[in-house]
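Asks: Quick one: the structure is below, and I'll ask about it shortly.
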Amino acid sequence: MEGMNLLFVLSLLCKAACVWFALVAVAGLVCRARQGRRPRYSPAAPRTRFAVLAAGRNEEAVIGGFVRSILAQDYPRELFDVYVLPNNCTDDTAGAARAAGAIVLDCPGAHSKGEALHSGLARLRNMDYDAFCVFDADNQADPAFLARMNDAFCAGARVAKGRIAAQNPRAGWVAGCYGLYFRLFDLFFNEPRGALGLSAKLVGTGFAVHKEVLDRLGGWNTVTIAEDAEFSAQCAELGYPVAWVPGAVTRDVEPVSFRVSLVQRRRWIGGVLQAGQARGGCLARALVQRRRAVTLDSCLFFLTPLTGAVGTLLGVTGTALALARGHLPLWVPLAAAMLGWLGCALGALVLRLFLPRAERPGLGSVLGFGLFMACWAPLGVLGVLCPPRRWVPVDHTAHLTVRRGRWLRRERAA
């Protein structure tokens with residue numbers, strides 16, 4: 001009986017979270033439509049001094065492209081520096097970073113990206129920087145990235161998140177599906193929250209944090225495999241919303257293997273759950289004390305892995321019982337699955353229209369988008385029941401090069 005009561009409570013939480021997210025999406029999109037097409041932040045004169053950081057583990061093949069993309073920024077060169085934080089490397093990541101023009105900060109005691117950031121920011125936080133940008137080593141930033149982040153910080157933002165785009169959308173159907181998923185998430189999560197003053201989702205790359213926030217936190221201090229989600233929880237506890245800056249674009253190399261994609265997304269879900277467990281009590285206390293929508297939204301976000309898994313289990317169990325008892329014909333769930341796939345394919349076609357031509361995936365990604373999205377349900381259950389405890393690297397397959405501020409050609413990477 002106690003187990004049934006717990007499932008009932010969790011199912012109510014699931015419904016409440018769904019209602020909240022739907023209301024925020026609708027209200028935010030209406031608000032954004034009223035704002036028109038004007039930039040979210042007015043252009044400001046360059047005055048924010050940035051330290052740009054990328055932690056790297058065996059990233060010799062791609063780190064040079066990242067460094068060159070930062071050095072090609074349309075932003076005064078005297079106002080930013082590029083740092084690479086090698087950790088646990090067995091290749092020459094440090095040498096490749098130096099050759100490309102970066103400053104290398106070795107992190108010999110670091111065993112994760114979070115520990116590398118802790119070590120690097122401990123040395124940089126007391127230097128003459130206003131803000132710190134965090135990237136992954138296989139990323140490349142559009143030439144306007146730092147300028148758009150400067151606009152946000154000059155307007156009062158203290159934590160800011162840019163848009164992520166797939167760097168290799170036509171490398172395979174899986175890579176293209178990532179691009180479609182990012183755009184879907186931006187439209188219905190980040191855009192509405194940006195319009196309403198709530199927090200955008202702070203993923204592990206393409207974001208910037210002001211020195212003021214790190215000073216209040218005592219530096220970068222995360223302990224979970226989802227250092228980005230944990231850090232966003234810490235920001236919510238202090239009442240700092242993550243500003244949405246869509247003009248600051250980061251191009252990320254996406255997996256082309258379906259198996260690798262499943263491993264990566266399971267890690268994402270498990271990491272969010274782990275971060276929620278680590279910061280849940282602090283978030284709840286901050287919500288009671290401050291009663292801010294930013295904190296409430298963050299609390300509900302960290303509940304999504306658990307409520308999603310419960311919703312999936314209840315749905316599968318209910319359908320299986322109905323089929324076993326003859327209350328539901330077999331063709332009904334099959335037809336529902338087919339309609340779901342068709343809806344995802346049509347939705348993917350529409351999403352392509354919101355992507356620049358260079359970011360549009362091929363037809364295979366449109367047809368496979370339903371499978372890509374359907375996998376979130378079992379991955380959520382697996383992430384809750386058997387959460388990953390360690391970070392697993394993802395192989396890089398391709399990257400783009402930047403010359404004179406323009407995206408030119410594809411290269412292969414090991």
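FYI, nothing fancy with the structure tokens labels: chains A, B, ... in order, residues from 1 per chain, ligands from 1 as they appear.
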Near A:Gly276, counting only C-alpha atoms, which residues have an atom at most 12 Å away, once you skip same-chain residues fewer than 2 positions from it, shown as number ranges by chain?

Replies: A: 223-234, 269-274, 278-284, 298-306, 384

Asks: Please return, as an MDAnalysis selection string, all residues of stretch 108-343 of chain A that DSSP assigns to helix (DSSP H, G or I) on the basis of the backbone.

Replies: chainID A and resid 113:124 145:154 173:196 211:217 227:238 258:290 293:324 331:343

Asks: Report the closest atom pair, with its distance in Å rounded to one decimal, for each residue of stretch 111-220 of chain A that has an atom no farther than 10 Å from stretch 85-101 of chain A; count only C-alpha atoms, sort by chain and then rising residue number, and write it as CSV.

Replies:
```
residue,atom,partner,partner_atom,distance
A:His111,CA,A:Asn88,CA,6.7
A:Ser112,CA,A:Asn87,CA,7.7
A:Lys113,CA,A:Asn87,CA,8.2
A:Glu115,CA,A:Asn87,CA,9.3
A:Ala116,CA,A:Leu85,CA,6.5
A:Leu117,CA,A:Leu85,CA,7.8
A:Ser119,CA,A:Leu85,CA,8.8
A:Gly120,CA,A:Leu85,CA,6.9
A:Ala137,CA,A:Leu85,CA,9.4
```

Asks: With distances taken over only C-alpha atoms, which of A:Ala25, A:Ala54, A:Val62, A:Val332 is nearest to A:Asp81?

Replies: A:Ala54

Asks: Please identify every residue of stretch 230-253 of chain A that has at least one atom no farther than 7 Å from an atom of stretch 178-199 of chain A, counting only C-alpha atoms, and for each give the shortest atom pair and the distance in Å to one decimal, arranged by chain then increasing number, as a tab-separated table.

Replies:
```
residue	atom	partner	partner_atom	distance
A:Pro241	CA	A:Ser199	CA	4.5
A:Val242	CA	A:Ser199	CA	4.3
A:Ala243	CA	A:Ser199	CA	6.2
A:Trp244	CA	A:Gly194	CA	5.1
```

Asks: Just write the chosen residues, N, CA and C atoms, as a PDB file, in the first residue's frame.

Replies:
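Okay, out_19.pdb is ready:
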```pdb
ATOM      1  N   PRO A 241      19.209  33.862 -12.373  1.00  0.00           N
ATOM      2  CA  PRO A 241      18.685  33.160 -13.546  1.00  0.00           C
ATOM      3  C   PRO A 241      19.755  33.040 -14.618  1.00  0.00           C
ATOM      4  N   VAL A 242      19.688  31.980 -15.403  1.00  0.00           N
ATOM      5  CA  VAL A 242      20.609  31.794 -16.524  1.00  0.00           C
ATOM      6  C   VAL A 242      20.018  32.502 -17.735  1.00  0.00           C
ATOM      7  N   ALA A 243      20.651  33.592 -18.171  1.00  0.00           N
ATOM      8  CA  ALA A 243      20.141  34.375 -19.289  1.00  0.00           C
ATOM      9  C   ALA A 243      20.285  33.590 -20.593  1.00  0.00           C
ATOM     10  N   TRP A 244      19.281  33.722 -21.451  1.00  0.00           N
ATOM     11  CA  TRP A 244      19.287  33.045 -22.748  1.00  0.00           C
ATOM     12  C   TRP A 244      19.810  34.022 -23.803  1.00  0.00           C
TER      13      TRP A 244
END
```

Asks: Extract, using only C-alpha atoms, all DNA, RNA and protein residues at most 12 Å from stretch 366-374 of chain A, discarding same-chain residues fewer than 4 positions from it, and format them as an MDAnalysis selection string.

Replies: chainID A and resid 169:170 172:182 184:185 257:259 261:262 265 312 337:352 360:362 378:380

Asks: Which residue out of A:Gly204, A:Pro333, A:Gly218, A:Gly162 has the minimum interatomic distance to A:Ala55 when only C-alpha atoms are used?

Replies: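 Nearest candidate to A:Ala55 out of A:Gly204, A:Pro333, A:Gly218, A:Gly162: A:Gly204.
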
Asks: Please return as a ChimeraX atom specification: the residues of stretch 36-256 of chain A that backbone DSSP assigns to strand (DSSP E or B).

Replies: /A:50-56,80-86,103-104,131-136,140-141,159-166,207-210,242-252

Asks: Considering only C-alpha atoms, state which residue in the set A:Leu355, A:Cys386, A:Leu79, A:Ala131 is at the smallest distance from A:Met149.

Replies: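 So, comparing all the options, the nearest one is A:Ala131.
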
Asks: Contacts between stretch 28-52 of chain A and stretch 212-331 of chain A, please, where a residue of stretch 212-331 of chain A counts if it comes within 9 Å (with only C-alpha atoms); show its shortest atom pair and distance in Å to one decimal, rows by chain and ascending number, as a Markdown table.

Replies:
```
| residue | atom | partner | partner_atom | distance |
| --- | --- | --- | --- | --- |
| A:Trp244 | CA | A:Arg40 | CA | 8.4 |
| A:Val245 | CA | A:Arg40 | CA | 7.3 |
| A:Pro246 | CA | A:Arg40 | CA | 8.3 |
| A:Gly247 | CA | A:Pro39 | CA | 8.3 |
```

Asks: Keeping N, CA and C atoms, export the residues of the selection given above as a PDB file, in the first residue's frame.

Replies:
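Saved the output as again_32.pdb:
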```
ATOM      1  N   TRP A 244      19.281  33.722 -21.451  1.00  0.00           N
ATOM      2  CA  TRP A 244      19.287  33.045 -22.748  1.00  0.00           C
ATOM      3  C   TRP A 244      19.810  34.022 -23.803  1.00  0.00           C
ATOM      4  N   VAL A 245      20.918  33.632 -24.461  1.00  0.00           N
ATOM      5  CA  VAL A 245      21.572  34.497 -25.447  1.00  0.00           C
ATOM      6  C   VAL A 245      21.684  33.723 -26.763  1.00  0.00           C
ATOM      7  N   PRO A 246      20.615  33.662 -27.560  1.00  0.00           N
ATOM      8  CA  PRO A 246      20.634  32.833 -28.771  1.00  0.00           C
ATOM      9  C   PRO A 246      21.618  33.300 -29.831  1.00  0.00           C
ATOM     10  N   GLY A 247      22.044  34.570 -29.762  1.00  0.00           N
ATOM     11  CA  GLY A 247      23.010  35.053 -30.742  1.00  0.00           C
ATOM     12  C   GLY A 247      24.420  34.545 -30.520  1.00  0.00           C
TER      13      GLY A 247
END
```
